[in-house]
Amino acid sequence: MQDTSNALGAPTERREGPDKVTGAARYAAEHTPAGCAYAWPVPAAVARGEITAIDDSAALALPGVIDVLSHLNAPRLVEPDDATLAVLQDARVPHRGWYVALVVAETLEAAREGAAAVRVDYAVEPHDVTLRADHADAYVPEDTDGTSGEHVRGDADGAFDSAPVRVDAVYRVPPLHNHPMEPHAATARWHDGRLTVYDSSQGATTVRDVLAGMFALPKERITVVSEHVGGGFGSKGTPRPHVVLASMAARVTGRPVKLSLPRRELAAVVGHRSPTVQRVRLGAEKDGTLISVVHEVTSQTSRIKEFVETAAAATRVMYGSPHGRTTHRVVPLDVPSPSWMRAPGEAPGMYALESAMDELAVHLDIDPVELRLRNDTAREPDSSKPFSSRHLAECLREGARRFGWSERDPRTRSRAEGPVLVGSGVASATYPVLASPSRASAHAYPDGSYAVRVNATDIGTGARTVLAQVAADALGVPVERVRVAIGSSDLPDAPLAGGSSGTASWGWAVHEACTRLAKRLSEQQGQQLPPEGVGATADTAGTADAESEYARHAFGAHFAEVGVDTVSGEVRVRRLLGVYAAGHILNARTARSQFIGAMTMGLGMALTESSTMDAAFGDFAERDLAAYHVPVHADVPAIEAHWIDEDDPHLNPMGSKGIGEIGIVGTAAAIGNALRHATGVRLRELPLTPDRVLAGLARGM
Amino acid sequence: MKSFRYVRAHSVEEATAAHAGRPSSRYLGGGTNLVDLMKLGVESPRAVIDISALPLDSVEELRDGSVRVGATVRNSDLAAHPLVRERYPVLSQALLSGASGQLRNMATTGGNLLQRTRCPYFQDLAMPCNKRAPGSGCGARDGIHRDHAVLGHSRQCIATHPSDMAVALAALDAQVELYGARGRRTVPAAEFHRLPGERPDVDTEITHGELITGVLLPSATAGLPCAYRKARDRASYAFALASVAVVLSVEESVVREVRIAFGGLAHRPWRALRAERELLGGPPSGEAFRRAVDTELAEAEPLRDNSFKVPLARNLACDVLGRLAASPTGS
Amino acid sequence: MGTEVFHSEVPLTVNGEPRRPTVDHRSTLLDVLREQLGLTGAKKGCDHGQCGACTVLVDGRRANSCLLLAVAHEGADITTVEGLRSADGEGRHPVQRAFLERDAFQCGYCTPGQICSAVGALAEAEAGHPSHVTEPGTAIGSPAELTRDEIRERLSGNLCRCGAYPHIVEAVEDVIR
């Protein structure tokens with residue numbers, strides 16, 4: 001009988017933990033093959049134009065500089081689907097910060113000095129980097145993936161206009177940067193016609209496939225290793241320019257090449273969360289029942305890539321209403337290409353929707369928890385599909401109980417500690433259940449050990465550990481007997497760690513392989529295993545990506561208490577509590593860390609994080625970690641994460657939903673709603689910094 | 001970063017001679033700002049003169065009761081020093097509100113005074129900046145300037161000085177000790193940093209070859225009630241949006257001594273002399289504080305996106321004045 | 001002269017062992033540790049003293065090694081995360097153990113810096129150093145009491161993007177109590 005210590009849900013310690021606390025874990029830039037050279041990129045200094053000349057003579061004259069690559073001499077690569085990877089291929093500059101050259105040198109110091117010595121001339125063209133909701137170039141994108149574009153139910157605008165109670169407000173979220181602690185880095189080496197790359201990536205299989213396409217190599221001749229990855233939050237979800245540059249430089253120079261992107265260049269080349277301007281209209285009955293929900297989102301994209309920040313997508317899931325319209329509009333600008341950042345779409349979208357719900361609650365003088373309960377729905381409003389499981393109401397009630405919500409005086413400015421006003425707020429959370437096909441293999445050996453192989457990536461989630469638990473569970477053996485190999489494209493192909501889908505996707509294949517292996521073993525009962533062991537494989541194509549008749553989403557509720565200093569306008573979160581319904585929680589220990597971590601990022605989104613586009617120069621002004629304010633220890637109070645275990649048979653063999661992103665969804669709204677409760681001031685633009693708070697207090701809104 | 005000669009100085013004379021003899025040389029103290037700027041290419045010294053081994057690393061009480069702080073005393077040691085905590089708590093508080101524990105362990109007293117602005121246009125070689133490249137223009141004036149100056153700025157430059165420590169020194173009437181070819185001299189801390197005017201490239205009154213040897217904390221402000229308050233975008237490890245250092249002595253309901261200095265508002269710590277004059281000899285009332293601070297801030301010329309700094313600075317100053325009037329520790 | 005690259009041999013002690021790397025004057029201590037001495041425990045997160053991932057102990061004090069010129073550290077005694085040990089020198093340092101027990105990290109990239117910073121901060125508190133949140137009027141000279149707010153303030157020079165802060169604070173509390 002199986003030992004309960006390996007049961008799914010157990011708080012098993014991270015397998016790589018000892019390596020991480022002793023410094024033994026090696027990340028992409030921490031491999032230094034013999035003869036390794038160092039690369040340093042040169043970013044474009046104009047927002048739009050053409051390179052007219054590159055003078056690399058001064059750089060090449062520096063001691064230690066090996067080569068300077070640019071579009072004039074770099075290898076021509078096969079055009080990638082993702083235009084942001086077509087670096088050093090032509091003279092176009094689509095945005096400021098776009099890489100226009102790469103210096104390769106014997107040392108980091110020489111490479112950096114070399115990059116500073118490269119002179120680039122441009123034919124500058126007028127640029128436009130300013131996002132406005134009424135921009136003439138705004139368009140509604142095609143609804144290619146079911147989340148972008150426009151969805152309409154009933155007569156949303158007419159029903160809003162005739163609703164007894166109406167909220168009509170515009171919310172703004174600024175550009176945000178992922179800024180994982182490990183900058184994007186790659187160490188590339190060509191040997192015997194093969195390419196080996198250590199890459200900081202959320203998915204090495206995709207990196208290998210893209211490099212194979214661009215360098216016209218068979219996949220078998222490329223190995224991409226992402227053993228330890230210092231965070232990504234979406235910004236390492238697909239290959240980024242650094243891995244192409246490092247691979248190119250290694251090919252040209254015949255040397256292994258290491259490239260770690262300078263922190264201040266990340267904002268321009270690895271994606272950002274697009275700013276959004278969101279107009280939300282809620283039409284309701286006097287009892288708070290929603291009649292119509294209209295959510296219109298305008299976001300930006302670059303000239304070379306369409307990316308839609310699908311902020312209205314969650315509105316299609318959240319609350320029942322007979323009428324609804326959710327519309328995305330995109331404005332192509334001369335800006336860096338936006339991309340995924342933790343809960344792309346849901347994070348900014350639920351800030352707007354959940355702030356608007358709070359406005360409705362205030363308007364009607366209904367408790368904001370109660371208002372949400374009244375609008376709970378058994379079917380997904382947009383698709384009319386039944387939910388496979390939806391425990392939003394339970395999350396709200398359980399959160400309210402744990403938070404002590406019933407003791408809250410609903411009146412604004414009802415709690416003061418000297419000049420500090422204290423208030424609390426609530427917001428709901430949701431995130432879709434996603435899964436992609438994956439392969440995996442499982443082996444049993446005569447010594448009683450097992451090995452699972454799958455090219456999963458551990459970006460900090462604890463993937464190794466939870467996959468061992470999944471395998472042990474399927475095999476019915478103690479978790480210590482299972483070795484797990486992940487983080488290399490030589491392992492069975494697997495999708496990325498992203499969309500809160502990694503564990504579901506990889507675990508599904510691991511579970512299937514292990515189930516098959518267990519069956520084979522039971523058939524051989526009593527027989528000695530051969531020295532090479534017995535194996536089984538799985539491929540979940542067609543299964544993991546099969547259409548479901550159910551709408552599948554995780555739900556949650558966030559509760560926040562803030563203190564607002566009326567002298568300085570400084571807002572500090574005092575308590576933050578989340579309750580989630582996300583299927584079976586597979587590892588209580590690492591899951592809690594993920595929930596708390598995402599809530600922390602939500603706290604940053606609410607209070608500290610912001611980037612500003614300089615209209616004249618086309619650049620983000622906050623490019624380093626002194627100017628872009630990631631929350632620090634002192635910003636973050638004790639955070640509580642709890643969950644309601646769901647038994648949902650319509651998900652995957654583990655019964656799990658994704659947990660990596662839902663914690664950021666709605667957190668900013670809960671904090672903004674708490675600010676309003678504390679002060680009576682409703683701010684509709686993030687972050688809630690002293691300048692805005694003081695102005696709000698002065699307006700006395 | 002360009003390569004450079006490295007010189008370890010063993011005496012003040014040796015250091016200043018080495019510096020004076022090389023036009024493109026820089027002193028290295030903690031390096032927290034210099035190395036940062038060298039990596040950005042903003043500073044490209046051909047020689048770096050390491051002064052960290054100079055015998056300037058002590059805090060001592062002089063016979064007249066003043067306290068002399070050596071230029072290479074680290075920020076964390078200065079903030080923790082009993083003489084500073086007892087007599088000049090505003091200085092300790094200001095130091096501890098700046099940077100991080102690690103940076104304070106590295107940064108020196110002299111280096112803190114000589115740190116450069118954090119204006120993003122100054123830090124980026126591809127941008128115009130009259131401070132870094134005179135005549136190239138100011139990108140911030142019509143650009144991103146939420147963090148920039150509201151007082152004493154010029155057409156040429158709207159940068160602020162980022163130091164917290166210097167704000168406390170200005171309020172304490174400290175003196176900056178310099179040594180150079182012209183011998184020793186002292187400059188009031190409140191006048192050590194310049195306003196940008198037509199020469200924003202010149203941050204301070206120091207001349208090439210001169211070295212900050214120390215800071216003198218006068219006995220006159222020792223032990224007076226004082227406090228520092230800073231507002232910032234996150235709870236720690238961030239530069240000031242605005243800050244204030246206040247020294248206030250009240251006897252028999254009359255303001256006997258008052259010194260107010262603002263940080264984050266100007267190209268230098270902004271000593272609020274007008275407000276001080278208005279308050280001296282008057283009642284320590286909230287109304288008087290508000291009026292005096294408003295008088296001082298009336299000359300503010302906010303830019304498009306930083307007008308919030310004026311009410312913020314007023315609120316901070318009135319809050320600290322009020323708290324000091326009520327209790328000597330301002331807590 | 002314009003293109004001359006200056007080097008110096010710099011004797012120093014790293015994790016108890018004498019080393020004599022020849023360093024480019026432009027090299028930071030962080031880059032010497034990582035690229036020349038193979039000690040990649042100290043991380044490069046920002047390279048400008050803005051994240052704390054590179055924190056090491058220099059003569060027992062925590063510092064951002066990305067802003068220290070290696071050439072200026074002749075004779076310095078450097079301890080990196082690889083060199084931390086329990087008091088008896090055999091096992092892991094109590095802070096390392098507490099981080100494991102509290103799951104005080106996710107991606108692990110800021111972790112060596114957090115751990116070295118915590119070790120340095122504990123020593124500073126023991127030496128009576130105040131912090132920004134220390135109440136004015138607190139006794140001078142005696143060890144600082146590390147409340148949760150004190151721990152948070154003192155570790156604020158170490159960013160963690162995964163948001164492990166609450167667990168890091170718990171880990172440090174475990175070491176104190």
# chains A, B, ... in the order shown; residues from 1 in each chain; ligands from 1
call {"tool": "residues_around", "arguments": {"residues": "Glu198 of chain B", "least_positions_apart": "2", "cutoff": "10 Å", "atoms": "only C-alpha atoms", "output": "list in words"}}
result
Asn130, Lys131, Pro134, Gly135, Ser154, Arg155, Gln156, Cys157, Leu195, Pro196, Pro200, Asp201 and Val202 of chain B
call {"tool": "closest_atom_pairs", "arguments": {"of": "chain C", "to": "chain A", "cutoff": "7 Å", "atoms": "only C-alpha atoms", "output": "tab-separated table"}}
result
residue	atom	partner	partner_atom	distance
C:Thr3	CA	A:Leu62	CA	6.0
C:Arg26	CA	A:Glu109	CA	6.4
C:Ser27	CA	A:Glu109	CA	6.7
C:Thr40	CA	A:Glu30	CA	6.2
C:Gly41	CA	A:Gly23	CA	3.9
C:Gly45	CA	A:Met181	CA	5.4
C:Cys46	CA	A:Arg263	CA	5.3
C:Gln50	CA	A:Leu625	CA	5.5
C:Cys51	CA	A:Leu625	CA	6.7
C:Val81	CA	A:Thr22	CA	5.8
C:Glu82	CA	A:Thr22	CA	5.5
C:Gln96	CA	A:Val21	CA	5.7
C:Leu100	CA	A:Gly17	CA	6.3
C:Gln106	CA	A:Gly460	CA	4.1
C:Cys107	CA	A:Gly460	CA	3.5
C:Gly108	CA	A:Lys20	CA	5.4
C:Tyr109	CA	A:Gly230	CA	5.0
C:Cys110	CA	A:Met181	CA	6.5
C:Thr111	CA	A:Val21	CA	6.3
C:Pro112	CA	A:Val21	CA	6.1
C:Arg152	CA	A:Ala634	CA	4.8
C:Glu153	CA	A:Ala634	CA	5.1
C:Leu155	CA	A:His633	CA	6.4
C:Ser156	CA	A:His633	CA	4.8
C:Leu159	CA	A:Val632	CA	5.7
C:Cys160	CA	A:Met181	CA	7.0
C:Arg161	CA	A:Pro180	CA	6.0
C:Cys162	CA	A:Gly597	CA	5.1
C:Gly163	CA	A:Gly597	CA	3.8
C:Ala164	CA	A:Gly597	CA	5.9
C:Tyr165	CA	A:His633	CA	5.7
C:Pro166	CA	A:Ala638	CA	5.7
call {"tool": "residues_around", "arguments": {"residues": "segment 83-91 of chain C", "least_positions_apart": "6", "cutoff": "9 Å", "atoms": "only C-alpha atoms", "output": "list in words"}}
result
Thr22 of chain A; Val14, Asn15, Gly16 and Cys116 of chain C
call {"tool": "closest_atom_pairs", "arguments": {"of": "chain C", "to": "chain B", "cutoff": "9 Å", "atoms": "only C-alpha atoms", "output": "CSV"}}
result
residue,atom,partner,partner_atom,distance
C:Gly2,CA,B:Ser3,CA,8.7
C:Thr3,CA,B:Ser3,CA,7.7
C:Glu4,CA,B:Ser3,CA,7.0
C:Val5,CA,B:Ser3,CA,5.4
C:Phe6,CA,B:Ser3,CA,6.2
C:His7,CA,B:Arg5,CA,8.8
C:Ser8,CA,B:Tyr6,CA,8.9
C:Asp24,CA,B:Ser3,CA,8.1
C:His25,CA,B:Ser3,CA,6.6
C:Arg26,CA,B:Ser3,CA,6.1
C:Thr28,CA,B:Val35,CA,8.7
C:Asp47,CA,B:Asp36,CA,8.1
C:His48,CA,B:Asp36,CA,5.5
C:Gly49,CA,B:Thr32,CA,7.2
C:Gln50,CA,B:Tyr237,CA,8.5
C:Gly52,CA,B:Gln102,CA,7.8
C:Thr55,CA,B:Gln102,CA,7.5
C:Arg61,CA,B:Asn105,CA,7.1
C:Arg62,CA,B:Gln102,CA,5.4
C:Ala63,CA,B:Gln102,CA,4.4
C:Asn64,CA,B:Gln102,CA,6.0
C:Cys66,CA,B:Val35,CA,8.7
C:Leu67,CA,B:Thr32,CA,5.7
C:Leu68,CA,B:Gly31,CA,6.5
C:Leu69,CA,B:Val35,CA,7.6
C:Val71,CA,B:Tyr6,CA,7.6
C:Ala72,CA,B:Asp50,CA,7.2
C:Ser117,CA,B:Gln102,CA,7.6
C:Gly120,CA,B:Gln102,CA,8.6
C:Ala121,CA,B:Gly101,CA,7.7
C:Gly128,CA,B:Ala80,CA,7.5
C:His129,CA,B:Ala80,CA,5.1
C:Pro130,CA,B:Ala80,CA,6.1
C:Ser131,CA,B:Leu96,CA,5.8
C:His132,CA,B:Leu96,CA,4.9
C:Val133,CA,B:Leu96,CA,8.7
C:Glu135,CA,B:Ser331,CA,7.7
C:Pro136,CA,B:Thr329,CA,6.4
C:Gly137,CA,B:Thr329,CA,7.3
C:Ile140,CA,B:Pro82,CA,6.5
C:Gly141,CA,B:Pro82,CA,7.4
C:Glu153,CA,B:Ser236,CA,6.8
C:Arg154,CA,B:Gly101,CA,6.3
C:Leu155,CA,B:Gly101,CA,7.4
C:Ser156,CA,B:Ser236,CA,6.3
C:Gly157,CA,B:Ser100,CA,4.7
C:Asn158,CA,B:Ser100,CA,8.4
call {"tool": "write_last_selection", "arguments": {"atoms": "C-alpha atoms", "output": "PDB file, in the first residue's frame"}}
result
ATOM      1  CA  GLY C   2      44.067  54.988 -25.011  1.00  0.00           C
ATOM      2  CA  THR C   3      43.560  51.268 -25.348  1.00  0.00           C
ATOM      3  CA  GLU C   4      45.784  49.949 -22.591  1.00  0.00           C
ATOM      4  CA  VAL C   5      44.017  47.485 -20.318  1.00  0.00           C
ATOM      5  CA  PHE C   6      45.261  47.508 -16.760  1.00  0.00           C
ATOM      6  CA  HIS C   7      45.466  44.373 -14.664  1.00  0.00           C
ATOM      7  CA  SER C   8      46.599  43.677 -11.127  1.00  0.00           C
ATOM      8  CA  ASP C  24      41.110  43.551 -15.008  1.00  0.00           C
ATOM      9  CA  HIS C  25      40.799  46.848 -13.130  1.00  0.00           C
ATOM     10  CA  ARG C  26      37.283  47.172 -14.529  1.00  0.00           C
ATOM     11  CA  THR C  28      33.792  43.907 -10.129  1.00  0.00           C
ATOM     12  CA  ASP C  47      24.654  44.872 -11.900  1.00  0.00           C
ATOM     13  CA  HIS C  48      23.958  48.287 -10.340  1.00  0.00           C
ATOM     14  CA  GLY C  49      23.303  47.749  -6.645  1.00  0.00           C
ATOM     15  CA  GLN C  50      19.557  47.844  -7.073  1.00  0.00           C
ATOM     16  CA  GLY C  52      20.836  42.657  -3.759  1.00  0.00           C
ATOM     17  CA  THR C  55      25.233  40.235  -1.783  1.00  0.00           C
ATOM     18  CA  ARG C  61      29.806  42.897   6.425  1.00  0.00           C
ATOM     19  CA  ARG C  62      27.192  42.464   3.735  1.00  0.00           C
ATOM     20  CA  ALA C  63      27.854  44.359   0.523  1.00  0.00           C
ATOM     21  CA  ASN C  64      26.719  44.455  -3.104  1.00  0.00           C
ATOM     22  CA  CYS C  66      28.460  44.167  -8.239  1.00  0.00           C
ATOM     23  CA  LEU C  67      29.594  47.641  -7.162  1.00  0.00           C
ATOM     24  CA  LEU C  68      32.899  46.642  -5.607  1.00  0.00           C
ATOM     25  CA  LEU C  69      35.941  46.929  -7.820  1.00  0.00           C
ATOM     26  CA  VAL C  71      41.217  45.633  -7.616  1.00  0.00           C
ATOM     27  CA  ALA C  72      40.368  47.648  -4.508  1.00  0.00           C
ATOM     28  CA  SER C 117      22.081  39.575   3.559  1.00  0.00           C
ATOM     29  CA  GLY C 120      24.919  40.191   7.675  1.00  0.00           C
ATOM     30  CA  ALA C 121      21.761  41.778   9.053  1.00  0.00           C
ATOM     31  CA  GLY C 128      23.223  47.244  17.974  1.00  0.00           C
ATOM     32  CA  HIS C 129      22.807  48.897  14.591  1.00  0.00           C
ATOM     33  CA  PRO C 130      19.449  50.660  14.305  1.00  0.00           C
ATOM     34  CA  SER C 131      17.260  50.660  11.223  1.00  0.00           C
ATOM     35  CA  HIS C 132      14.775  53.026   9.638  1.00  0.00           C
ATOM     36  CA  VAL C 133      11.971  51.480  11.698  1.00  0.00           C
ATOM     37  CA  GLU C 135      11.946  53.724  17.422  1.00  0.00           C
ATOM     38  CA  PRO C 136      13.846  56.886  18.298  1.00  0.00           C
ATOM     39  CA  GLY C 137      14.889  56.621  21.906  1.00  0.00           C
ATOM     40  CA  ILE C 140      21.898  52.656  22.230  1.00  0.00           C
ATOM     41  CA  GLY C 141      24.561  50.009  22.361  1.00  0.00           C
ATOM     42  CA  GLU C 153      13.217  46.787   6.728  1.00  0.00           C
ATOM     43  CA  ARG C 154      16.700  45.353   7.125  1.00  0.00           C
ATOM     44  CA  LEU C 155      16.241  42.909   4.251  1.00  0.00           C
ATOM     45  CA  SER C 156      14.649  45.440   1.922  1.00  0.00           C
ATOM     46  CA  GLY C 157      17.837  45.677  -0.117  1.00  0.00           C
ATOM     47  CA  ASN C 158      17.134  42.198  -1.471  1.00  0.00           C
TER      48      ASN C 158
END
call {"tool": "interface_residues", "arguments": {"of": "chain B", "to": "chain A", "cutoff": "9 Å", "atoms": "only C-alpha atoms", "output": "PyMOL selection string"}}
result
chain B and resi 1-3+39+41+118+120-121+126-127+139+142-144+230-239+241+306-309+311-313+315-316+319
call {"tool": "atom_distance", "arguments": {"atom1": "atom CA of Leu576 of chain A", "atom2": "atom CA of Ala557 of chain A"}}
result
10.7 Å
call {"tool": "atom_distance", "arguments": {"atom1": "atom CA of Pro386 of chain A", "atom2": "atom CA of Ala544 of chain A"}}
result
19.3 Å
call {"tool": "select_by_dssp", "arguments": {"residues": "segment 66-182 of chain B", "states": "alpha helix (DSSP H)", "output": "ChimeraX atom specification"}}
result
/B:75-80,82-87,89-96,101-106,109-114,120-123,165-171
call {"tool": "write_last_selection", "arguments": {"atoms": "N, CA and C atoms", "output": "tab-separated table (two decimals), in the first residue's frame"}}
result
chain	number	residue	atom	x	y	z
B	75	ASN	N	28.26	54.88	5.84
B	75	ASN	CA	26.93	55.39	6.22
B	75	ASN	C	26.30	54.58	7.35
B	76	SER	N	26.48	53.26	7.32
B	76	SER	CA	25.85	52.45	8.37
B	76	SER	C	26.53	52.70	9.72
B	77	ASP	N	27.83	52.86	9.69
B	77	ASP	CA	28.55	53.12	10.95
B	77	ASP	C	28.21	54.50	11.50
B	78	LEU	N	28.05	55.44	10.61
B	78	LEU	CA	27.69	56.79	11.06
B	78	LEU	C	26.28	56.78	11.67
B	79	ALA	N	25.38	56.09	11.01
B	79	ALA	CA	23.99	56.04	11.51
B	79	ALA	C	23.91	55.35	12.87
B	80	ALA	N	24.82	54.40	13.10
B	80	ALA	CA	24.77	53.62	14.34
B	80	ALA	C	25.62	54.25	15.44
B	82	PRO	N	26.98	56.11	18.50
B	82	PRO	CA	26.28	56.66	19.66
B	82	PRO	C	26.24	58.18	19.68
B	83	LEU	N	27.33	58.84	19.30
B	83	LEU	CA	27.32	60.31	19.31
B	83	LEU	C	26.27	60.86	18.37
B	84	VAL	N	26.11	60.21	17.23
B	84	VAL	CA	25.13	60.67	16.25
B	84	VAL	C	23.72	60.34	16.72
B	85	ARG	N	23.54	59.13	17.21
B	85	ARG	CA	22.19	58.74	17.65
B	85	ARG	C	21.74	59.59	18.83
B	86	GLU	N	22.67	59.94	19.71
B	86	GLU	CA	22.29	60.73	20.89
B	86	GLU	C	22.09	62.20	20.56
B	87	ARG	N	23.02	62.76	19.80
B	87	ARG	CA	23.00	64.22	19.65
B	87	ARG	C	22.37	64.69	18.34
B	89	PRO	N	20.06	62.78	16.09
B	89	PRO	CA	19.26	61.65	15.57
B	89	PRO	C	18.70	61.90	14.17
B	90	VAL	N	18.50	63.15	13.81
B	90	VAL	CA	18.00	63.43	12.46
B	90	VAL	C	18.96	62.90	11.40
B	91	LEU	N	20.25	62.94	11.71
B	91	LEU	CA	21.24	62.45	10.76
B	91	LEU	C	21.18	60.92	10.66
B	92	SER	N	21.06	60.29	11.81
B	92	SER	CA	20.94	58.83	11.80
B	92	SER	C	19.69	58.41	11.03
B	93	GLN	N	18.59	59.09	11.30
B	93	GLN	CA	17.32	58.74	10.62
B	93	GLN	C	17.42	58.95	9.11
B	94	ALA	N	18.04	60.05	8.73
B	94	ALA	CA	18.16	60.32	7.29
B	94	ALA	C	19.00	59.25	6.61
B	95	LEU	N	20.12	58.90	7.24
B	95	LEU	CA	20.98	57.87	6.65
B	95	LEU	C	20.22	56.55	6.51
B	96	LEU	N	19.48	56.20	7.55
B	96	LEU	CA	18.80	54.90	7.55
B	96	LEU	C	17.60	54.87	6.61
B	101	GLY	N	20.72	48.23	3.44
B	101	GLY	CA	21.74	47.87	4.41
B	101	GLY	C	23.09	47.62	3.76
B	102	GLN	N	23.08	46.92	2.64
B	102	GLN	CA	24.33	46.64	1.94
B	102	GLN	C	25.00	47.93	1.47
B	103	LEU	N	24.21	48.78	0.82
B	103	LEU	CA	24.79	50.00	0.25
B	103	LEU	C	25.29	50.92	1.36
B	104	ARG	N	24.57	50.97	2.46
B	104	ARG	CA	25.03	51.83	3.57
B	104	ARG	C	26.32	51.29	4.19
B	105	ASN	N	26.51	49.97	4.12
B	105	ASN	CA	27.78	49.41	4.59
B	105	ASN	C	28.95	49.82	3.72
B	106	MET	N	28.66	50.14	2.48
B	106	MET	CA	29.72	50.47	1.52
B	106	MET	C	29.93	51.98	1.41
B	109	THR	N	30.76	58.83	3.84
B	109	THR	CA	30.20	60.16	4.09
B	109	THR	C	30.50	61.10	2.93
B	110	GLY	N	31.75	61.10	2.52
B	110	GLY	CA	32.13	61.99	1.41
B	110	GLY	C	31.45	61.59	0.12
B	111	GLY	N	31.41	60.29	-0.13
B	111	GLY	CA	30.79	59.81	-1.36
B	111	GLY	C	29.30	60.09	-1.41
B	112	ASN	N	28.66	60.00	-0.27
B	112	ASN	CA	27.23	60.30	-0.20
B	112	ASN	C	26.98	61.73	-0.66
B	113	LEU	N	27.84	62.66	-0.19
B	113	LEU	CA	27.68	64.07	-0.59
B	113	LEU	C	27.91	64.26	-2.08
B	114	LEU	N	28.83	63.46	-2.63
B	114	LEU	CA	29.23	63.67	-4.03
B	114	LEU	C	28.43	62.82	-5.01
B	120	PRO	N	16.93	60.00	-15.06
B	120	PRO	CA	17.17	58.96	-16.08
B	120	PRO	C	17.83	59.50	-17.35
B	121	TYR	N	17.66	60.77	-17.61
B	121	TYR	CA	18.29	61.35	-18.80
B	121	TYR	C	19.79	61.54	-18.57
B	122	PHE	N	20.15	61.83	-17.33
B	122	PHE	CA	21.56	61.94	-16.97
B	122	PHE	C	22.26	60.59	-17.11
B	123	GLN	N	21.54	59.53	-16.78
B	123	GLN	CA	22.15	58.20	-16.74
B	123	GLN	C	22.24	57.52	-18.10
B	165	MET	N	21.15	61.97	3.53
B	165	MET	CA	22.11	62.43	4.53
B	165	MET	C	22.37	63.93	4.43
B	166	ALA	N	22.54	64.40	3.19
B	166	ALA	CA	22.88	65.81	2.99
B	166	ALA	C	21.77	66.73	3.47
B	167	VAL	N	20.54	66.25	3.44
B	167	VAL	CA	19.41	67.07	3.89
B	167	VAL	C	19.51	67.28	5.40
B	168	ALA	N	19.84	66.19	6.10
B	168	ALA	CA	20.01	66.31	7.55
B	168	ALA	C	21.20	67.21	7.87
B	169	LEU	N	22.28	67.06	7.13
B	169	LEU	CA	23.46	67.90	7.39
B	169	LEU	C	23.12	69.38	7.19
B	170	ALA	N	22.33	69.66	6.17
B	170	ALA	CA	21.95	71.05	5.92
B	170	ALA	C	21.15	71.61	7.09
B	171	ALA	N	20.27	70.79	7.62
B	171	ALA	CA	19.44	71.26	8.74
B	171	ALA	C	20.24	71.40	10.03
call {"tool": "residues_around", "arguments": {"residues": "Thr196 of chain A", "least_positions_apart": "4", "cutoff": "6 Å", "atoms": "only C-alpha atoms", "output": "PyMOL selection string"}}
result
chain A and resi 188-189+222-224
call {"tool": "write_last_selection", "arguments": {"atoms": "N, CA and C atoms", "output": "PDB file, in the first residue's frame"}}
result
ATOM      1  N   ALA A 188      25.862  29.717 -25.525  1.00  0.00           N
ATOM      2  CA  ALA A 188      25.707  28.881 -26.722  1.00  0.00           C
ATOM      3  C   ALA A 188      27.045  28.314 -27.170  1.00  0.00           C
ATOM      4  N   ARG A 189      27.020  27.092 -27.671  1.00  0.00           N
ATOM      5  CA  ARG A 189      28.252  26.448 -28.130  1.00  0.00           C
ATOM      6  C   ARG A 189      27.931  25.580 -29.347  1.00  0.00           C
ATOM      7  N   ILE A 222      20.198  20.074 -31.998  1.00  0.00           N
ATOM      8  CA  ILE A 222      20.166  21.188 -31.042  1.00  0.00           C
ATOM      9  C   ILE A 222      19.731  20.678 -29.670  1.00  0.00           C
ATOM     10  N   THR A 223      20.460  21.094 -28.676  1.00  0.00           N
ATOM     11  CA  THR A 223      20.042  20.813 -27.292  1.00  0.00           C
ATOM     12  C   THR A 223      19.906  22.134 -26.558  1.00  0.00           C
ATOM     13  N   VAL A 224      18.754  22.358 -25.976  1.00  0.00           N
ATOM     14  CA  VAL A 224      18.543  23.559 -25.166  1.00  0.00           C
ATOM     15  C   VAL A 224      18.314  23.115 -23.724  1.00  0.00           C
TER      16      VAL A 224
END
call {"tool": "closest_residue", "arguments": {"among": "C:Gly60, C:Ser65, C:Ala98, C:Arg92", "to": "Ala123 of chain C", "atoms": "only C-alpha atoms"}}
result
C:Gly60
